[in-house]
file final_24.tsv (TSV, C-alpha atoms)
chain	number	residue	atom	x	y	z
A	1	MET	CA	-109.84	111.85	42.17
A	2	ASN	CA	-108.41	110.24	39.03
A	3	GLY	CA	-110.85	110.99	36.24
A	4	PRO	CA	-114.36	112.45	36.35
A	5	LEU	CA	-116.84	111.73	39.09
A	6	PRO	CA	-119.61	109.24	38.31
A	7	ALA	CA	-122.80	110.76	36.95
A	8	GLY	CA	-124.89	112.45	39.64
A	9	TYR	CA	-121.98	113.18	42.00
A	10	GLU	CA	-120.21	116.47	42.65
A	11	MET	CA	-117.13	117.46	44.64
A	12	PHE	CA	-117.51	119.84	47.58
A	13	VAL	CA	-115.08	121.30	50.10
A	14	VAL	CA	-115.77	121.61	53.84
A	15	GLY	CA	-112.72	123.03	55.60
A	16	THR	CA	-109.93	120.55	54.87
A	17	ALA	CA	-112.40	117.86	53.81
A	18	ALA	CA	-113.09	116.97	50.18
A	19	VAL	CA	-116.57	115.47	49.81
A	20	ALA	CA	-117.83	113.55	46.79
A	21	THR	CA	-121.58	113.11	47.05
A	22	GLN	CA	-124.86	113.80	45.35
A	23	PRO	CA	-125.95	117.45	45.74
A	24	SER	CA	-129.10	116.51	47.63
A	25	TYR	CA	-126.98	114.83	50.33
A	26	PHE	CA	-124.35	117.53	50.71
A	27	SER	CA	-125.99	119.62	53.42
A	28	PHE	CA	-126.39	116.53	55.62
A	29	VAL	CA	-122.73	115.56	55.20
A	30	ARG	CA	-121.53	119.16	55.62
A	31	ASP	CA	-123.46	119.65	58.85
A	32	ALA	CA	-122.13	116.37	60.25
A	33	ILE	CA	-118.54	117.36	59.51
A	34	LEU	CA	-118.93	120.86	60.90
A	35	ARG	CA	-120.51	119.61	64.12
A	36	PHE	CA	-118.36	116.55	64.87
A	37	GLY	CA	-115.21	117.08	62.82
A	38	ASP	CA	-115.88	114.20	60.44
A	39	LEU	CA	-118.71	112.04	59.16
A	40	TYR	CA	-117.52	108.98	61.06
A	41	GLY	CA	-117.52	110.86	64.36
A	42	SER	CA	-121.03	112.05	63.68
A	43	ALA	CA	-122.21	108.50	62.99
A	44	ALA	CA	-120.51	107.18	66.13
A	45	ALA	CA	-122.35	109.76	68.22
A	46	GLN	CA	-125.78	108.62	67.04
A	47	PRO	CA	-127.70	105.76	68.62
A	48	GLY	CA	-128.12	102.90	66.18
A	49	ILE	CA	-126.69	99.69	64.83
A	50	GLU	CA	-122.97	98.94	65.03
A	51	LEU	CA	-121.33	96.61	62.50
A	52	ARG	CA	-118.06	95.00	63.54
A	53	GLY	CA	-115.18	94.35	61.17
A	54	ARG	CA	-111.64	95.70	60.93
A	55	GLY	CA	-113.21	98.77	62.52
A	56	THR	CA	-116.72	99.54	63.67
A	57	ALA	CA	-119.18	100.80	61.07
A	58	TYR	CA	-122.37	102.62	62.01
A	59	VAL	CA	-125.87	102.45	60.55
A	60	ILE	CA	-127.50	105.87	60.72
A	61	GLU	CA	-130.67	107.57	59.60
A	62	ALA	CA	-129.85	109.81	56.63
A	63	PRO	CA	-131.43	111.35	53.55
A	64	GLY	CA	-133.12	108.74	51.40
A	65	GLY	CA	-132.92	106.02	54.05
A	66	ARG	CA	-130.29	104.43	56.26
A	67	TRP	CA	-126.57	104.68	55.50
A	68	VAL	CA	-123.60	102.62	56.66
A	69	VAL	CA	-120.68	104.90	57.60
A	70	ARG	CA	-117.21	103.44	57.98
A	71	ARG	CA	-113.69	104.73	58.44
A	72	TYR	CA	-110.83	103.36	56.36
A	73	PHE	CA	-108.48	101.56	58.75
A	74	ARG	CA	-105.07	100.11	57.98
A	75	GLY	CA	-104.45	96.39	58.26
A	76	GLY	CA	-101.39	94.35	59.19
A	77	GLN	CA	-98.41	95.54	61.18
A	78	VAL	CA	-98.59	99.12	59.90
A	79	ALA	CA	-101.95	99.56	61.66
A	80	ARG	CA	-100.12	99.75	65.00
A	81	LEU	CA	-98.37	102.92	63.86
A	82	VAL	CA	-100.85	104.64	61.55
A	83	LYS	CA	-104.27	103.20	62.31
A	84	ASP	CA	-106.32	105.29	59.92
A	85	ARG	CA	-103.87	107.45	57.94
A	86	TYR	CA	-102.78	107.06	54.34
A	87	LEU	CA	-100.16	108.90	52.35
A	88	ARG	CA	-101.50	111.37	49.83
A	89	VAL	CA	-100.14	109.42	46.88
A	90	GLY	CA	-102.37	108.37	44.02
A	91	GLU	CA	-106.14	108.27	44.11
A	92	PRO	CA	-107.60	108.38	47.65
A	93	ARG	CA	-109.27	105.14	48.63
A	94	PRO	CA	-112.86	106.42	49.05
A	95	PHE	CA	-112.84	108.16	45.67
A	96	ARG	CA	-111.54	105.00	44.05
A	97	GLU	CA	-114.24	102.96	45.75
A	98	LEU	CA	-116.90	105.41	44.61
A	99	ARG	CA	-115.72	105.16	41.01
A	100	VAL	CA	-115.40	101.37	41.00
A	101	SER	CA	-118.71	100.91	42.80
A	102	ALA	CA	-120.58	103.11	40.34
A	103	THR	CA	-119.02	101.25	37.41
A	104	ALA	CA	-119.85	97.86	38.92
A	105	ARG	CA	-123.45	98.87	39.53
A	106	SER	CA	-123.79	100.17	35.98
A	107	ARG	CA	-122.56	96.78	34.72
A	108	GLY	CA	-125.08	94.78	36.70
A	109	VAL	CA	-123.10	93.87	39.82
A	110	ALA	CA	-124.97	94.06	43.12
A	111	THR	CA	-123.05	96.35	45.45
A	112	PRO	CA	-124.36	99.05	47.81
A	113	GLU	CA	-124.64	102.55	46.39
A	114	VAL	CA	-122.02	104.96	47.69
A	115	THR	CA	-123.76	108.01	49.17
A	116	ALA	CA	-120.67	109.98	50.27
A	117	ALA	CA	-116.89	109.64	49.99
A	118	VAL	CA	-114.89	111.98	52.23
A	119	VAL	CA	-111.15	112.67	52.46
A	120	TYR	CA	-109.65	114.72	55.32
A	121	ALA	CA	-106.23	116.08	54.36
A	122	SER	CA	-103.56	116.51	57.03
A	123	GLY	CA	-100.10	117.35	55.76
A	124	PRO	CA	-98.73	114.47	53.67
A	125	ALA	CA	-101.46	112.11	54.91
A	126	TYR	CA	-105.23	111.79	54.90
A	127	ARG	CA	-108.00	110.04	56.78
A	128	ALA	CA	-111.13	108.93	54.95
A	129	ASP	CA	-114.75	107.90	55.44
A	130	LEU	CA	-117.22	106.17	53.16
A	131	ALA	CA	-121.01	106.10	53.42
A	132	THR	CA	-123.04	103.55	51.51
A	133	ARG	CA	-126.70	102.70	51.26
A	134	PHE	CA	-127.70	100.19	53.95
A	135	VAL	CA	-128.75	96.83	52.48
A	136	ALA	CA	-131.79	95.85	54.51
A	137	ASP	CA	-132.37	92.27	55.65
A	138	SER	CA	-128.85	91.25	54.72
A	139	VAL	CA	-126.27	89.05	56.42
A	140	ASP	CA	-122.70	88.32	55.44
A	141	LEU	CA	-121.77	84.85	54.26
A	142	VAL	CA	-119.90	84.04	57.50
A	143	ALA	CA	-122.86	84.86	59.74
A	144	LEU	CA	-125.32	83.12	57.44
A	145	THR	CA	-123.22	79.96	57.24
A	146	PHE	CA	-122.11	79.61	60.85
A	147	ASP	CA	-124.54	81.64	62.97
A	148	THR	CA	-127.97	81.28	61.35
A	149	PRO	CA	-129.73	78.04	62.36
A	150	GLY	CA	-132.00	76.66	59.67
A	151	ALA	CA	-130.64	78.93	56.95
A	152	LYS	CA	-131.04	77.67	53.40
A	153	LEU	CA	-127.37	77.71	52.58
A	154	ALA	CA	-127.23	75.96	49.22
A	155	PRO	CA	-129.00	78.76	47.28
A	156	ALA	CA	-126.86	81.40	49.04
A	157	TRP	CA	-123.60	79.66	48.19
A	158	ARG	CA	-124.75	79.17	44.61
A	159	ALA	CA	-125.62	82.89	44.45
A	160	THR	CA	-122.11	83.67	45.70
A	161	GLY	CA	-120.64	81.71	42.81
A	162	GLU	CA	-122.93	83.59	40.45
A	163	LEU	CA	-121.65	86.86	41.96
A	164	ILE	CA	-118.08	85.94	41.04
A	165	ARG	CA	-119.20	85.09	37.52
A	166	ARG	CA	-121.00	88.44	37.26
A	167	LEU	CA	-117.96	90.35	38.55
A	168	ALA	CA	-115.78	88.66	35.94
A	169	ALA	CA	-118.22	89.37	33.12
A	170	ALA	CA	-118.38	93.03	34.21
A	171	GLY	CA	-114.58	93.34	34.17
A	172	ILE	CA	-114.38	94.00	37.93
A	173	GLN	CA	-111.39	92.30	39.55
A	174	HIS	CA	-111.93	92.25	43.32
A	175	ALA	CA	-108.63	92.32	45.21
A	176	ASP	CA	-109.77	90.59	48.40
A	177	LEU	CA	-112.97	88.61	47.93
A	178	ASN	CA	-113.69	86.85	51.22
A	179	MET	CA	-116.70	85.59	53.11
A	180	LYS	CA	-117.10	88.85	55.05
A	181	ASN	CA	-117.21	90.81	51.78
A	182	VAL	CA	-120.28	88.95	50.52
A	183	LEU	CA	-123.75	89.96	51.73
A	184	ILE	CA	-126.77	87.75	51.18
A	185	THR	CA	-130.33	89.04	50.98
A	186	GLU	CA	-133.56	87.05	50.72
A	187	ALA	CA	-131.80	83.99	52.09
A	188	GLY	CA	-134.40	81.53	50.85
A	189	ASP	CA	-134.90	79.91	47.49
A	190	GLN	CA	-133.99	83.09	45.55
A	191	PRO	CA	-131.16	84.84	47.44
A	192	ARG	CA	-129.04	87.62	46.04
A	193	ALA	CA	-125.33	88.05	46.71
A	194	TRP	CA	-123.83	91.53	47.08
A	195	VAL	CA	-120.14	92.43	47.04
A	196	LEU	CA	-118.48	94.90	49.44
A	197	ASP	CA	-115.11	96.67	49.74
A	198	LEU	CA	-114.27	97.61	46.17
A	199	ASP	CA	-111.67	100.26	47.00
A	200	ARG	CA	-108.77	98.12	45.73
A	201	ALA	CA	-110.70	96.52	42.87
A	202	GLU	CA	-109.54	96.92	39.28
A	203	VAL	CA	-111.87	97.97	36.49
A	204	ARG	CA	-110.99	96.35	33.18
A	205	GLU	CA	-112.32	98.35	30.28
A	206	LYS	CA	-111.75	95.53	27.81
A	207	GLY	CA	-112.30	91.86	28.43
A	208	ARG	CA	-113.31	89.84	31.46
A	209	ALA	CA	-111.82	89.85	34.92
A	210	ASP	CA	-110.23	86.66	36.24
A	211	ALA	CA	-112.96	84.65	37.93
A	212	GLU	CA	-110.57	81.88	38.94
A	213	VAL	CA	-108.36	84.26	40.92
A	214	MET	CA	-111.36	85.65	42.82
A	215	PHE	CA	-112.71	82.13	43.35
A	216	ALA	CA	-109.36	80.97	44.74
A	217	ARG	CA	-109.23	83.93	47.14
A	218	LEU	CA	-112.74	83.14	48.38
A	219	LYS	CA	-111.83	79.47	48.83
A	220	ARG	CA	-108.88	80.48	51.05
A	221	SER	CA	-111.28	82.57	53.13
A	222	ILE	CA	-113.68	79.65	53.43
A	223	ALA	CA	-110.84	77.38	54.55
A	224	LYS	CA	-109.84	79.90	57.22
A	225	TRP	CA	-113.37	80.11	58.61
A	226	GLU	CA	-113.72	76.32	58.54
A	227	ARG	CA	-110.57	76.09	60.67
A	228	LEU	CA	-112.09	78.59	63.10
A	229	ARG	CA	-115.70	77.44	63.14
A	230	GLY	CA	-115.76	73.89	61.80
A	231	PRO	CA	-116.29	72.31	58.38
A	232	VAL	CA	-119.27	73.12	56.20
A	233	ASP	CA	-121.25	70.61	54.21
A	234	PRO	CA	-119.15	69.58	51.17
A	235	ALA	CA	-122.29	70.03	49.08
A	236	LEU	CA	-121.97	73.80	49.61
A	237	HIS	CA	-118.63	73.83	47.82
A	238	ILE	CA	-120.34	72.08	44.92
A	239	GLU	CA	-123.09	74.73	44.88
A	240	LEU	CA	-120.48	77.51	44.94
A	241	ALA	CA	-118.72	76.04	41.92
A	242	ARG	CA	-122.05	75.44	40.18
A	243	GLY	CA	-122.92	79.12	40.51
A	244	LEU	CA	-119.52	80.12	39.17
A	245	ARG	CA	-119.81	77.85	36.13
A	246	GLY	CA	-123.38	78.84	35.40
call {"tool": "encode", "arguments": {"input": "final_24.tsv", "output": "structure tokens"}}
result
Amino acid sequence: MNGPLPAGYEMFVVGTAAVATQPSYFSFVRDAILRFGDLYGSAAAQPGIELRGRGTAYVIEAPGGRWVVRRYFRGGQVARLVKDRYLRVGEPRPFRELRVSATARSRGVATPEVTAAVVYASGPAYRADLATRFVADSVDLVALTFDTPGAKLAPAWRATGELIRRLAAAGIQHADLNMKNVLITEAGDQPRAWVLDLDRAEVREKGRADAEVMFARLKRSIAKWERLRGPVDPALHIELARGLRG
């Protein structure tokens, strides 16, 4: 890991696995790795909720409440050759996400707490898992917008704009802000927007992040989903911009 671990976390070793977690969670993570070979395999073996994305994530019962456990999977053409392996160059993705997530949370950005970041070394490559605190009663912006009849969308879209503004003020530059990376809770008059997938985000120690770049990336995602699922009410775009501008 580049730099010190966030406060409250320690690094542990289990065989070839490097585990960054809070000490009170270590025995749970260690036992899962020793029994199933990795944390992701342990989660997959448990009955529970499955979350679909680039790869399946699993919601499991764990210390302190439910966790979401996911494997880092490659995207694009390279995924056909090396589905879940990364070269051991630079900071491993889960450790970076842990660091960025802890910084974002400390600066007032709503993002799930990382409970464990695990790297499994194998020669010049590694595989990796990340566990985060499950955000109860949440739905991503795609599902809320296109799959939730009667949802109060205007407040949720405005909250999403506010999330971008908060990220920028906190100096967190998200590399791939899209509709699937935004969770909405309390989808009524006072919703809250949460951001996911911070492993490629940049932390700026001085000055703001670029809200317009993140906004433009989200707008491209919205356009893609509108092509797939149909247009949304133009008033929602106005609410999104209103949240961004404050």
call {"tool": "atom_distance", "arguments": {"input": "final_24.tsv", "atom1": "atom CA of A:Gly55", "atom2": "atom CA of A:Arg192"}}
result
25.4 Å
call {"tool": "residues_around", "arguments": {"input": "final_24.tsv", "residues": "stretch 42-52 of chain A", "least_positions_apart": "2", "cutoff": "10 Å", "atoms": "all atoms listed in the file", "output": "PyMOL selection string"}}
result
chain A and resi 29+31-40+54-61+67-70+131
call {"tool": "atom_distance", "arguments": {"input": "final_24.tsv", "atom1": "atom CA of A:Ala117", "atom2": "atom CA of A:His174"}}
result
19.3 Å
call {"tool": "atom_distance", "arguments": {"input": "final_24.tsv", "atom1": "atom CA of A:Phe73", "atom2": "atom CA of A:Val89"}}
result
16.5 Å
call {"tool": "residues_around", "arguments": {"input": "final_24.tsv", "residues": "A:Gly8", "least_positions_apart": "4", "cutoff": "10 Å", "atoms": "only C-alpha atoms", "output": "list of chain:residue names"}}
result
A:Thr21, A:Gln22, A:Pro23, A:Ser24
call {"tool": "residues_around", "arguments": {"input": "final_24.tsv", "residues": "A:Asp199", "least_positions_apart": "5", "cutoff": "6 Å", "atoms": "all atoms listed in the file", "output": "list of chain:residue names"}}
result
A:Arg93, A:Arg96, A:Glu97
call {"tool": "write_last_selection", "arguments": {"input": "final_24.tsv", "atoms": "C-alpha atoms", "output": "mmCIF file, in the coordinates of the input"}}
result
data_model
loop_
_atom_site.group_PDB
_atom_site.id
_atom_site.type_symbol
_atom_site.label_atom_id
_atom_site.label_comp_id
_atom_site.auth_asym_id
_atom_site.auth_seq_id
_atom_site.Cartn_x
_atom_site.Cartn_y
_atom_site.Cartn_z
ATOM 1 C CA ARG A 93 -109.270 105.140 48.630
ATOM 2 C CA ARG A 96 -111.540 105.000 44.050
ATOM 3 C CA GLU A 97 -114.240 102.960 45.750
#
call {"tool": "closest_residue", "arguments": {"input": "final_24.tsv", "among": "A:Leu167, A:Leu228, A:Ala156, A:Ala116", "to": "A:Thr132", "atoms": "all atoms listed in the file"}}
result
A:Ala116
call {"tool": "residues_around", "arguments": {"input": "final_24.tsv", "residues": "A:Asp137", "least_positions_apart": "3", "cutoff": "12 Å", "atoms": "all atoms listed in the file", "output": "VMD selection string"}}
result
chain A and resid 134 140 144 183 to 188 191 to 192
call {"tool": "residues_near_point", "arguments": {"input": "final_24.tsv", "point": "(-114.3, 91.5, 34.6)", "cutoff": "7 Å", "atoms": "all atoms listed in the file", "output": "PyMOL selection string"}}
result
chain A and resi 167-173+204+207-210
call {"tool": "residues_around", "arguments": {"input": "final_24.tsv", "residues": "A:Glu226", "least_positions_apart": "5", "cutoff": "10 Å", "atoms": "only C-alpha atoms", "output": "VMD selection string"}}
result
chain A and resid 142 146 220 to 221 231 to 232
call {"tool": "write_last_selection", "arguments": {"input": "final_24.tsv", "atoms": "C-alpha atoms", "output": "CSV table (one decimal), keeping the file's coordinate frame"}}
result
chain,number,residue,atom,x,y,z
A,142,VAL,CA,-119.9,84.0,57.5
A,146,PHE,CA,-122.1,79.6,60.8
A,220,ARG,CA,-108.9,80.5,51.0
A,221,SER,CA,-111.3,82.6,53.1
A,231,PRO,CA,-116.3,72.3,58.4
A,232,VAL,CA,-119.3,73.1,56.2
call {"tool": "closest_residue", "arguments": {"input": "final_24.tsv", "among": "A:Arg166, A:Arg66, A:Arg30, A:Lys219", "to": "A:Arg105", "atoms": "only C-alpha atoms"}}
result
A:Arg166
call {"tool": "closest_residue", "arguments": {"input": "final_24.tsv", "among": "A:Thr145, A:Thr103, A:Ser27, A:Thr16", "to": "A:Gly123", "atoms": "only C-alpha atoms"}}
result
A:Thr16
call {"tool": "closest_residue", "arguments": {"input": "final_24.tsv", "among": "A:Arg133, A:Lys152, A:Lys180, A:Arg227", "to": "A:Gly65", "atoms": "all atoms listed in the file"}}
result
A:Arg133
call {"tool": "closest_residue", "arguments": {"input": "final_24.tsv", "among": "A:Met214, A:Leu240, A:Ala20, A:Ala154", "to": "A:Glu202", "atoms": "only C-alpha atoms"}}
result
A:Met214
